[in-house]
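Asker: Take a look at data_18.txt, compact mmCIF, C-alpha atoms:
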# COMPACT_ATOMS: atom_id res chain seq x y z
CA MET D 408 -38.80 -12.49 -151.34
CA GLY D 409 -40.32 -13.86 -148.13
CA GLU D 410 -37.03 -15.27 -146.98
CA MET D 411 -35.28 -11.94 -147.59
CA LYS D 412 -37.97 -10.18 -145.60
CA TRP D 413 -37.57 -12.44 -142.60
CA ALA D 414 -33.79 -12.14 -142.75
CA TRP D 415 -34.09 -8.36 -142.64
CA VAL D 416 -36.44 -8.55 -139.65
CA LEU D 417 -34.02 -10.75 -137.76
CA PHE D 418 -31.13 -8.40 -138.57
CA VAL D 419 -33.04 -5.38 -137.27
CA ALA D 420 -34.03 -7.23 -134.08
CA ALA D 421 -30.44 -8.31 -133.40
CA THR D 422 -29.23 -4.76 -133.98
CA LEU D 423 -31.78 -3.34 -131.55
CA ALA D 424 -30.82 -5.92 -128.90
CA LEU D 425 -27.17 -5.00 -129.28
CA LEU D 426 -27.94 -1.28 -128.94
CA VAL D 427 -30.01 -1.88 -125.83
CA ARG D 428 -27.17 -3.91 -124.33
CA LEU D 429 -24.62 -1.12 -125.09
CA VAL D 430 -26.89 1.53 -123.56
CA MET D 431 -27.19 -0.51 -120.40
CA TRP D 432 -23.40 -0.89 -120.11
CA LEU D 433 -22.58 2.72 -120.98
CA GLY D 434 -25.40 4.45 -119.08
CA PRO D 435 -24.85 7.08 -116.28
CA TRP D 436 -22.89 5.83 -113.29
CA THR D 437 -25.15 6.35 -110.27
CA GLN D 438 -23.55 3.57 -108.32
CA ASP D 439 -20.98 0.91 -108.70
CA VAL D 440 -21.02 -0.38 -112.27
CA ARG D 441 -20.83 -3.99 -111.30
CA ASP D 442 -23.61 -3.69 -108.71
CA ARG D 443 -25.83 -1.77 -111.17
CA ARG D 444 -25.27 -4.32 -113.85
CA GLN D 445 -26.20 -7.13 -111.47
CA THR D 446 -29.29 -5.20 -110.36
CA VAL D 447 -30.61 -3.83 -113.69
CA GLU D 448 -29.45 -6.41 -116.19
CA ALA D 449 -32.00 -9.13 -116.80
CA PRO D 450 -30.91 -12.51 -118.00
CA VAL D 451 -31.20 -12.95 -121.71
CA ALA D 452 -33.52 -15.76 -122.59
CA ALA D 453 -31.81 -18.56 -124.39
CA GLU D 454 -33.06 -19.84 -127.67
CA PRO D 455 -35.74 -22.43 -127.24
CA VAL D 456 -34.58 -25.94 -127.51
CA LEU D 457 -36.98 -28.61 -128.57
CA SER D 458 -37.36 -30.86 -125.63
CA PRO D 459 -40.11 -32.99 -124.25
CA ASP D 460 -39.71 -31.27 -120.81
CA PRO D 461 -40.83 -27.65 -120.24
CA PRO D 462 -38.08 -25.13 -119.48
CA GLU D 463 -37.48 -24.12 -115.82
CA PRO D 464 -38.53 -20.58 -114.88
CA ALA D 465 -35.70 -18.06 -114.58
CA LYS D 466 -34.68 -17.05 -110.98
CA GLU D 467 -34.79 -13.41 -109.98
CA PRO D 468 -31.25 -12.13 -109.04
CA GLU D 469 -30.82 -11.22 -105.37
CA PRO D 470 -29.85 -7.61 -104.63
CA PRO D 471 -26.22 -7.29 -103.54
CA ILE D 472 -25.45 -6.65 -99.83
CA ALA D 473 -23.62 -3.40 -99.29
CA GLU D 474 -20.34 -3.92 -97.38
CA GLU D 475 -19.13 -1.32 -94.86
CA GLU D 476 -15.49 -0.41 -95.21
CA PRO D 477 -13.48 -0.63 -91.96
CA ALA D 478 -12.11 2.60 -90.59
CA TRP D 479 -8.47 3.31 -91.16
CA PRO D 480 -6.20 2.89 -88.15
CA ASP D 481 -4.83 6.41 -88.39
CA GLU D 482 -8.22 8.06 -88.81
CA GLY D 483 -9.62 10.03 -85.93
CA PRO D 484 -12.35 12.50 -85.19
CA ALA D 485 -12.19 15.55 -87.35
CA ASP D 486 -12.46 18.03 -84.46
CA VAL D 487 -10.68 17.10 -81.20
CA ASP D 488 -10.57 19.46 -78.24
CA TRP D 489 -7.19 18.57 -76.70
CA THR D 490 -6.86 19.38 -72.97
CA PRO D 491 -3.48 20.88 -72.01
CA ALA D 492 -1.28 18.71 -69.80
CA GLN D 493 -1.22 21.44 -67.15
CA THR D 494 -4.98 21.30 -66.88
CA ILE D 495 -4.99 17.51 -66.50
CA LEU D 496 -2.28 17.73 -63.84
CA ALA D 497 -4.27 20.36 -61.98
CA GLU D 498 -7.36 18.15 -62.05
CA TRP D 499 -5.33 15.19 -60.73
CA MET D 500 -3.92 17.33 -57.92
CA GLU D 501 -7.40 18.52 -57.05
CA GLU D 502 -8.63 14.91 -56.90
CA ALA D 503 -5.67 13.95 -54.71
CA ARG D 504 -6.45 16.77 -52.27
CA ALA D 505 -10.09 15.82 -52.12
CA PRO D 506 -11.01 13.74 -49.07
CA GLN D 507 -10.82 10.06 -49.89
CA PRO D 508 -13.40 7.60 -48.61
CA GLU D 509 -12.24 5.50 -45.69
CA PRO D 510 -11.08 1.99 -46.64
CA PRO D 511 -13.46 -0.81 -45.84
CA PRO D 512 -12.93 -2.36 -42.41
CA GLU D 513 -10.97 -5.57 -42.14
CA GLU D 514 -12.69 -8.88 -41.76
CA PHE D 515 -10.14 -10.20 -39.26
CA HIS D 516 -7.78 -8.53 -36.82
CA PHE D 517 -5.16 -11.23 -36.43
CA ARG D 518 -4.95 -14.31 -38.65
CA ARG D 519 -8.55 -15.57 -38.68
CA THR D 520 -9.51 -14.11 -35.31
CA ARG D 521 -10.94 -10.88 -33.99
CA TRP D 522 -10.37 -9.27 -30.64
CA GLY D 523 -13.11 -10.15 -28.25
CA MET D 524 -13.72 -13.62 -29.65
CA THR D 525 -14.52 -16.34 -27.18
CA ARG D 526 -12.30 -19.34 -26.59
CA ALA D 527 -14.65 -21.53 -28.62
CA ASP D 528 -14.57 -19.06 -31.53
CA VAL D 529 -10.77 -19.05 -31.60
CA LEU D 530 -10.65 -22.86 -31.50
CA ALA D 531 -13.00 -22.96 -34.49
CA ALA D 532 -11.02 -20.27 -36.34
CA GLU D 533 -7.69 -22.09 -35.98
CA ASN D 534 -9.31 -25.34 -37.14
CA GLY D 535 -6.92 -27.58 -35.26
CA ALA D 536 -6.15 -28.87 -31.81
CA PRO D 537 -3.73 -26.73 -29.78
CA ALA D 538 -0.41 -28.15 -28.65
CA ARG D 539 -1.12 -27.01 -25.07
CA GLU D 540 -3.93 -25.18 -23.34
CA ASP D 541 -5.11 -24.05 -19.97
CA GLY D 542 -7.92 -21.91 -18.69
CA GLN D 543 -6.50 -18.64 -20.04
CA ARG D 544 -4.25 -19.61 -22.97
CA LEU D 545 -4.07 -21.64 -26.17
CA LEU D 546 -0.71 -22.63 -27.67
CA TYR D 547 -0.31 -23.63 -31.33
CA VAL D 548 2.76 -24.76 -33.26
CA THR D 549 2.37 -23.07 -36.63
CA THR D 550 4.11 -20.90 -39.22
CA THR D 551 3.76 -17.29 -40.26
CA LEU D 552 5.47 -15.88 -43.34
CA ASP D 553 6.95 -19.38 -43.77
CA LEU D 554 8.76 -19.07 -40.41
CA PRO D 555 8.07 -21.66 -37.69
CA CYS D 556 6.72 -20.12 -34.54
CA LEU D 557 4.72 -20.71 -31.36
CA LEU D 558 1.37 -18.92 -31.33
CA THR D 559 -0.21 -18.15 -27.96
CA TYR D 560 -3.71 -16.74 -27.54
CA SER D 561 -4.51 -15.17 -24.17
CA PHE D 562 -8.03 -14.55 -22.86
CA VAL D 563 -9.45 -12.24 -20.23
CA GLN D 564 -12.88 -13.28 -19.01
CA ASP D 565 -13.19 -15.61 -22.02
CA ARG D 566 -12.46 -12.77 -24.45
CA LEU D 567 -9.43 -12.74 -26.75
CA MET D 568 -7.20 -9.85 -25.70
CA ARG D 569 -3.62 -10.83 -26.55
CA ALA D 570 -1.69 -12.91 -29.07
CA ALA D 571 2.02 -13.64 -29.20
CA LEU D 572 4.27 -15.17 -31.86
CA ALA D 573 7.55 -16.66 -30.59
CA PHE D 574 10.07 -17.45 -33.32
CA SER D 575 12.57 -19.19 -31.05
CA ASP D 576 12.26 -21.89 -28.44
CA PRO D 577 15.20 -21.94 -26.00
CA ALA D 578 14.05 -25.33 -24.77
CA GLY D 579 14.05 -26.67 -28.33
CA ARG D 580 10.96 -28.81 -27.76
CA GLU D 581 8.52 -27.36 -30.30
CA ILE D 582 10.67 -25.36 -32.76
CA PRO D 583 14.45 -25.11 -33.14
CA PRO D 584 16.36 -22.45 -31.18
CA LEU D 585 17.95 -19.57 -33.07
CA SER D 586 21.54 -18.45 -33.27
CA VAL D 587 22.36 -14.77 -32.83
CA ALA D 588 22.85 -14.26 -36.57
CA GLN D 589 19.55 -16.01 -37.41
CA ALA D 590 17.66 -13.99 -34.82
CA GLN D 591 19.04 -10.70 -36.12
CA ARG D 592 18.19 -11.52 -39.76
CA ARG D 593 14.66 -12.56 -38.87
CA PHE D 594 14.17 -9.45 -36.76
CA LEU D 595 15.04 -7.24 -39.73
CA TYR D 596 12.77 -9.26 -42.04
CA LEU D 597 9.79 -9.11 -39.66
CA ARG D 598 10.34 -5.42 -39.02
CA GLY D 599 10.18 -4.79 -42.77
CA GLN D 600 6.94 -6.76 -43.09
CA LEU D 601 5.31 -4.95 -40.18
CA ARG D 602 6.53 -1.57 -41.44
CA ALA D 603 4.93 -2.21 -44.82
CA ARG D 604 1.63 -2.94 -43.07
CA TYR D 605 1.54 -0.46 -40.19
CA GLY D 606 4.01 2.27 -41.17
CA GLU D 607 7.11 3.49 -39.40
CA PRO D 608 7.56 2.10 -35.86
CA VAL D 609 8.85 3.61 -32.66
CA GLU D 610 12.21 1.92 -32.23
CA LEU D 611 14.39 1.44 -29.20
CA THR D 612 17.80 -0.20 -28.88
CA VAL D 613 18.82 -1.19 -25.38
CA PRO D 614 22.59 -1.58 -24.96
CA VAL D 615 24.07 -4.19 -22.69
CA GLU D 616 27.37 -4.09 -20.87
CA ARG D 617 29.99 -6.58 -21.88
CA ASP D 618 30.13 -9.56 -19.58
CA VAL D 619 33.03 -9.19 -17.14
CA ARG D 620 31.74 -11.51 -14.46
CA HIS D 621 34.26 -14.24 -15.28
CA LEU D 622 37.07 -11.67 -15.30
CA ARG D 623 35.97 -10.33 -11.96
CA ARG D 624 35.77 -13.80 -10.48
CA ARG D 625 39.23 -14.60 -11.83
CA ALA D 626 40.73 -11.45 -10.34
CA GLU D 627 39.08 -12.17 -6.99
CA LYS D 628 40.23 -15.77 -7.06
CA GLN D 629 43.81 -14.82 -7.89
CA GLY D 630 43.78 -12.22 -5.14
CA GLU D 631 42.62 -14.84 -2.65
CA LEU D 632 45.37 -17.20 -3.86
CA ALA D 633 47.98 -14.47 -3.43
CA ALA D 634 46.81 -13.96 0.16
CA GLN D 635 47.01 -17.69 0.79
CA TYR D 636 50.49 -17.75 -0.71
CA ASP D 637 51.49 -14.94 1.65
CA ARG D 638 50.50 -17.04 4.63
CA ALA D 639 52.19 -20.12 3.19
CA ILE D 640 55.35 -18.15 2.49
CA ALA D 641 55.44 -16.81 6.02
CA GLU D 642 55.08 -20.32 7.43
CA ALA D 643 57.75 -21.64 5.06
CA GLU D 644 60.14 -18.91 6.12
CA GLU D 645 59.57 -19.80 9.79
CA ARG D 646 60.23 -23.47 9.08
CA LEU D 647 63.33 -22.57 7.12
CA ALA D 648 64.72 -20.45 9.98
CA ALA D 649 63.99 -23.15 12.58
CA GLU D 650 65.61 -25.81 10.38
CA ARG D 651 68.69 -23.64 9.88
CA ASP D 652 69.12 -23.27 13.65
CA ARG D 653 68.70 -27.00 14.14
CA LEU D 654 71.24 -27.86 11.46
CA LYS D 655 73.72 -25.39 12.83
CA ARG D 656 73.57 -27.06 16.22
CA ARG D 657 73.82 -30.49 14.68
CA TYR D 658 76.82 -29.74 12.49
CA ASP D 659 78.58 -27.48 14.97
CA GLY D 660 82.20 -28.63 15.15
CA TRP D 661 82.02 -30.54 11.89
CA ARG D 662 84.43 -29.82 9.13
CA ASP D 663 82.71 -27.63 6.46
CA PRO D 664 79.32 -27.47 8.27
CA GLU D 665 77.89 -24.95 5.78
CA THR D 666 77.81 -27.60 3.08
CA TYR D 667 75.71 -29.91 5.21
CA ILE D 668 73.45 -27.07 6.36
CA ALA D 669 72.81 -25.91 2.74
CA ARG D 670 72.13 -29.49 1.69
CA GLY D 671 69.56 -29.86 4.45
CA LEU D 672 67.85 -26.52 3.77
CA ALA D 673 67.65 -26.99 -0.04
CA PRO D 674 64.14 -28.65 -0.12
CA LEU D 675 62.66 -25.97 2.12
CA GLU D 676 64.20 -23.20 0.11
CA ARG D 677 62.89 -24.76 -3.13
CA ASP D 678 59.36 -24.90 -1.68
CA LEU D 679 59.66 -21.31 -0.55
CA ASP D 680 60.75 -20.21 -4.04
CA ASP D 681 57.80 -22.06 -5.60
CA LEU D 682 55.36 -20.30 -3.25
CA ARG D 683 56.81 -16.93 -4.08
CA GLN D 684 56.58 -17.65 -7.84
CA TRP D 685 52.98 -18.84 -7.54
CA LYS D 686 52.11 -15.69 -5.66
CA ALA D 687 53.70 -13.58 -8.38
CA ASP D 688 51.76 -15.47 -11.06
CA ALA D 689 48.49 -15.01 -9.16
CA LEU D 690 49.11 -11.30 -8.77
CA ALA D 691 49.96 -10.98 -12.48
CA GLU D 692 46.81 -12.84 -13.54
CA ALA D 693 44.69 -10.73 -11.21
CA ALA D 694 46.22 -7.58 -12.72
CA GLU D 695 45.50 -8.88 -16.26
CA SER D 696 41.88 -9.57 -15.37
CA ARG D 697 41.46 -6.07 -13.94
CA ARG D 698 43.02 -4.59 -17.08
CA SER D 699 40.59 -6.58 -19.27
CA ILE D 700 37.69 -5.32 -17.18
CA GLN D 701 38.79 -1.74 -17.75
CA GLU D 702 39.13 -2.32 -21.49
CA ARG D 703 35.63 -3.75 -21.75
CA ARG D 704 34.18 -0.91 -19.75
CA ALA D 705 35.84 1.54 -22.14
CA ALA D 706 34.45 -0.40 -25.11
CA ASP D 707 30.96 -0.18 -23.59
CA ARG D 708 31.23 3.59 -23.80
CA THR D 709 32.59 3.75 -27.34
CA GLU D 710 31.06 0.67 -29.00
CA PRO D 711 28.13 -0.52 -26.91
CA LEU D 712 26.72 -3.98 -27.51
CA VAL D 713 23.05 -4.45 -28.43
CA GLY D 714 21.11 -6.21 -25.74
CA MET D 715 17.56 -5.70 -27.02
CA MET D 716 16.01 -4.33 -30.20
CA ILE D 717 12.39 -3.22 -29.94
CA ALA D 718 10.05 -1.88 -32.62
CA ARG D 719 6.57 -0.78 -31.55
CA TRP D 720 3.45 0.26 -33.42
CA PRO D 721 1.21 1.71 -30.70
CA TYR D 722 -2.48 1.66 -31.48
CA ALA D 723 -1.90 0.28 -34.99
CA ARG D 724 -4.97 0.85 -37.17
CA ASP D 725 -6.87 1.70 -34.00
CA LEU D 726 -6.98 -2.03 -33.29
CA HIS D 727 -4.00 -3.20 -31.30
CA ASP D 728 -0.54 -2.40 -29.99
CA VAL D 729 2.16 -4.35 -31.81
CA GLU D 730 5.64 -4.93 -30.42
CA LEU D 731 8.51 -6.76 -32.11
CA ARG D 732 11.29 -7.65 -29.66
CA LEU D 733 14.69 -9.29 -30.01
CA ASP D 734 16.43 -10.13 -26.73
CA LEU D 735 20.09 -11.07 -27.04
CA ARG D 736 20.86 -11.14 -23.34
CA PRO D 737 20.07 -14.82 -22.64
CA ARG D 738 22.37 -17.58 -23.74
CA LEU D 739 20.03 -18.28 -26.66
CA PRO D 740 18.34 -15.23 -28.26
CA ARG D 741 14.60 -14.75 -28.10
CA LEU D 742 12.52 -13.23 -30.89
CA GLY D 743 8.80 -12.58 -30.82
CA ILE D 744 5.85 -10.34 -31.73
CA ARG D 745 3.20 -9.37 -29.19
CA TYR D 746 -0.28 -8.12 -30.07
CA GLN D 747 -2.38 -6.39 -27.43
CA ALA D 748 -5.96 -5.42 -28.23
CA ALA D 749 -6.43 -1.68 -27.91
CA ARG D 750 -10.15 -2.12 -27.45
CA LEU D 751 -12.89 -4.58 -28.17
CA PRO D 752 -14.16 -3.45 -31.61
CA ALA D 753 -17.69 -4.15 -32.68
CA GLY D 754 -17.52 -3.73 -36.46
CA PRO D 755 -16.00 -5.92 -39.21
CA ASP D 756 -12.20 -5.30 -40.15
CA GLY D 757 -8.30 -8.79 -44.28
CA MET D 758 -7.04 -11.76 -43.01
CA ASP D 759 -3.41 -11.51 -42.46
CA GLU D 760 -0.49 -13.31 -40.97
CA LEU D 761 0.99 -10.35 -39.17
Represent the structure contained in this file as structure tokens.
Answerer:
Amino acid sequence: MGEMKWAWVLFVAATLALLVRLVMWLGPWTQDVRDRRQTVEAPVAAEPVLSPDPPEPAKEPEPPIAEEEPAWPDEGPADVDWTPAQTILAEWMEEARAPQPEPPPEEFHFRRTRWGMTRADVLAAENGAPAREDGQRLLYVTTTLDLPCLLTYSFVQDRLMRAALAFSDPAGREIPPLSVAQAQRRFLYLRGQLRARYGEPVELTVPVERDVRHLRRRAEKQGELAAQYDRAIAEAEERLAAERDRLKRRYDGWRDPETYIARGLAPLERDLDDLRQWKADALAEAAESRRSIQERRAADRTEPLVGMMIARWPYARDLHDVELRLDLRPRLPRLGIRYQAARLPAGPDGMDEL
């Protein structure tokens, strides 16, 4: 009877434990089932096991850390006040019309120098010994925009006032001379670089007349030769007449004297013919030279040749006058840029090669 009683007690206790466990699993869902189970459910104590060591105390479960879900890529604010494109464009136009602040002044005016620097300041700025120098100028062999050039600084009362870049050396001592084609290509390249920096230039093309000096000298020379031939022809004709009279007297009474007279006059007549032909050739060459002169003068009016090409930026950036010049009149062309200080500024102004 006692054993049956204890069996019934154990059955009832097991049934109650099972009901409690079902209620906990099937209770109201206030939050995630798994998180609630981990939070509410307590570990069921295991049946005691006979052991000489005491059981370890059960550890309290740590509460789960809530994880934030990342926002979806296509999600956006619920209420967005979209501005019409016309309104945005109007605002941009209004900002463009608004007065803009002046750009900060440049640190340097030309390379690493400023107008008004002393000779010692320029020497320190270039950081190298000049190729030549005197009391008023410093000459450097350098490059700008990867082009070899001669740089000359000029001073007035020990103040830097001018700078010049020469891209050709007719003497060929410091940098190579330029051909006409090279000079023209570099002129166009430098003009583009300066235009990008200072804006549109004031340009001037100076035509040059075609060279006719050698043609004029040839015509004059051939005219002088024709005059000399005239005198020589007159003298030859006099000699020929005198020789004819002499031969007539000598062969007077001879049989067939004309044959002997013609034979004696033949060398003189041949010389006289040569003089007349040379005169004709000289006159023809003089006429050809004069015709060539007229053709070149006509070409000067219809297709003039370029003698100089000049591009100027007067008072560029209120700092200096800039002039780019290509001179094709000498035997070897000359190309250079000249900088002339417009004033001696007092404030700061970037470093640049041109």
Asker: Which is closest to D:Met716 among D:Asp680, D:Glu540, D:Glu610, D:Asp663, if we use all atoms listed in the file?
Answerer: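 Checking each candidate against D:Met716, we get D:Glu610 as the closest.
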Asker: Which residue out of D:Arg745, D:Lys686, D:Arg732, D:Lys655 has the minimum interatomic distance to D:Arg593 when all atoms listed in the file are used?
Answerer: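 Ranked by minimum distance to D:Arg593, first place goes to D:Arg732.
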Asker: Could you check how far atom CA of D:Leu557 sits from atom CA of D:Leu585, in Å to one decimal?
Answerer: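 About the pair atom CA of D:Leu557 and atom CA of D:Leu585: they are 13.4 Å apart.
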Asker: Enclose the full set of atoms of stretch 676-683 of chain D listed in the file within a box whose edges lie along x, y and z, apply 4 Å of padding to each of the six sides, and report centre and edge lengths in Å to one decimal as lines of an AutoDock Vina configuration file.
Answerer:
center_x = 59.8
center_y = -20.9
center_z = -2.7
size_x = 16.8
size_y = 16.0
size_z = 13.7
Asker: Report, in Å with one decimal, the straight-line distance from atom CA of D:Asp528 to atom CA of D:Cys556.
Answerer: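 Result for atom CA of D:Asp528 versus atom CA of D:Cys556: 21.5 Å, one decimal.
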Asker: With all atoms listed in the file as the atoms that count, which of D:Leu731, D:Val548, D:Ala424, D:Met568 lies nearest to D:Thr520?
Answerer: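 The answer is D:Met568, which sits nearest to D:Thr520.
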Asker: Please compute the atom CA of D:Arg580-atom CA of D:Pro555 distance, one decimal, in Å.
Answerer: 12.6 Å
Asker: Of the residues D:Leu679, D:Glu607, D:Arg617, D:Gln589, which is the one nearest to D:Ala641, using only C-alpha atoms?
Answerer: D:Leu679
Asker: Env of D:Arg646: 12 Å cut, atoms = all atoms listed in the file, seq-sep filter 2 positions within chain, self excluded. Answer as a short mmCIF file (atom, residue, chain, number, x, y, z; two decimals) with C-alpha atoms, keeping the file's coordinate frame.
Answerer:
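Wrote it out as result.cif, contents follow:
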data_model
loop_
_atom_site.label_atom_id
_atom_site.label_comp_id
_atom_site.auth_asym_id
_atom_site.auth_seq_id
_atom_site.Cartn_x
_atom_site.Cartn_y
_atom_site.Cartn_z
CA ALA D 639 52.19 -20.12 3.19
CA ILE D 640 55.35 -18.15 2.49
CA ALA D 641 55.44 -16.81 6.02
CA GLU D 642 55.08 -20.32 7.43
CA ALA D 643 57.75 -21.64 5.06
CA GLU D 644 60.14 -18.91 6.12
CA ALA D 648 64.72 -20.45 9.98
CA ALA D 649 63.99 -23.15 12.58
CA GLU D 650 65.61 -25.81 10.38
CA ARG D 651 68.69 -23.64 9.88
CA ASP D 652 69.12 -23.27 13.65
CA ARG D 653 68.70 -27.00 14.14
CA LEU D 672 67.85 -26.52 3.77
CA PRO D 674 64.14 -28.65 -0.12
CA LEU D 675 62.66 -25.97 2.12
CA GLU D 676 64.20 -23.20 0.11
CA ASP D 678 59.36 -24.90 -1.68
CA LEU D 679 59.66 -21.31 -0.55
#
Asker: For D:Ser586, which residue out of D:Leu735, D:Ile668, D:Leu425, D:Ala691 is the nearest one, using all atoms listed in the file?
Answerer: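 The answer is D:Leu735, which sits nearest to D:Ser586.
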Asker: Given the choices D:Ala723, D:Leu572, D:Ala687, D:Ala531, which gets closest to D:Thr551 if the distance is worked out from all atoms listed in the file?
Answerer: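 For D:Thr551, the nearest of the candidates is D:Leu572.
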Asker: List as a list of chain:residue names the residues having at least one atom at most 12 Å from position (42.9, -4.4, -12.0) as given in the file, counting all atoms listed in the file.
Answerer: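 Residues with an atom close enough to that point: D:Leu622, D:Arg623, D:Arg624, D:Arg625, D:Ala626, D:Glu627, D:Gln629, D:Gly630, D:Leu690, D:Ala691, D:Glu692, D:Ala693, D:Ala694, D:Glu695, D:Ser696, D:Arg697, D:Arg698, D:Ser699, D:Ile700, D:Gln701, D:Glu702.
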Asker: As number ranges by chain, please: the residues near D:Gln543 (cut-off 9 Å, all atoms listed in the file, same-chain neighbours under 5 positions excluded).
Answerer: D: 526, 560-565
Asker: For C-alpha atoms, I'd like the residues from the last selection saved as a tab-separated table (two decimals), keeping the file's coordinate frame.
Answerer:
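See out14.tsv below for the written result:
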chain	number	residue	atom	x	y	z
D	526	ARG	CA	-12.30	-19.34	-26.59
D	560	TYR	CA	-3.71	-16.74	-27.54
D	561	SER	CA	-4.51	-15.17	-24.17
D	562	PHE	CA	-8.03	-14.55	-22.86
D	563	VAL	CA	-9.45	-12.24	-20.23
D	564	GLN	CA	-12.88	-13.28	-19.01
D	565	ASP	CA	-13.19	-15.61	-22.02
Asker: Compile the contact shell of D:Thr612 as a list in words: residues with an atom at most 10 Å away, counting all atoms listed in the file, same-chain residues fewer than 5 positions apart removed.
Answerer: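 Non-adjacent residues within range: Leu712, Val713, Gly714, Met715, Met716, Ile717, Ala718, Arg732 and Leu733 of chain D.
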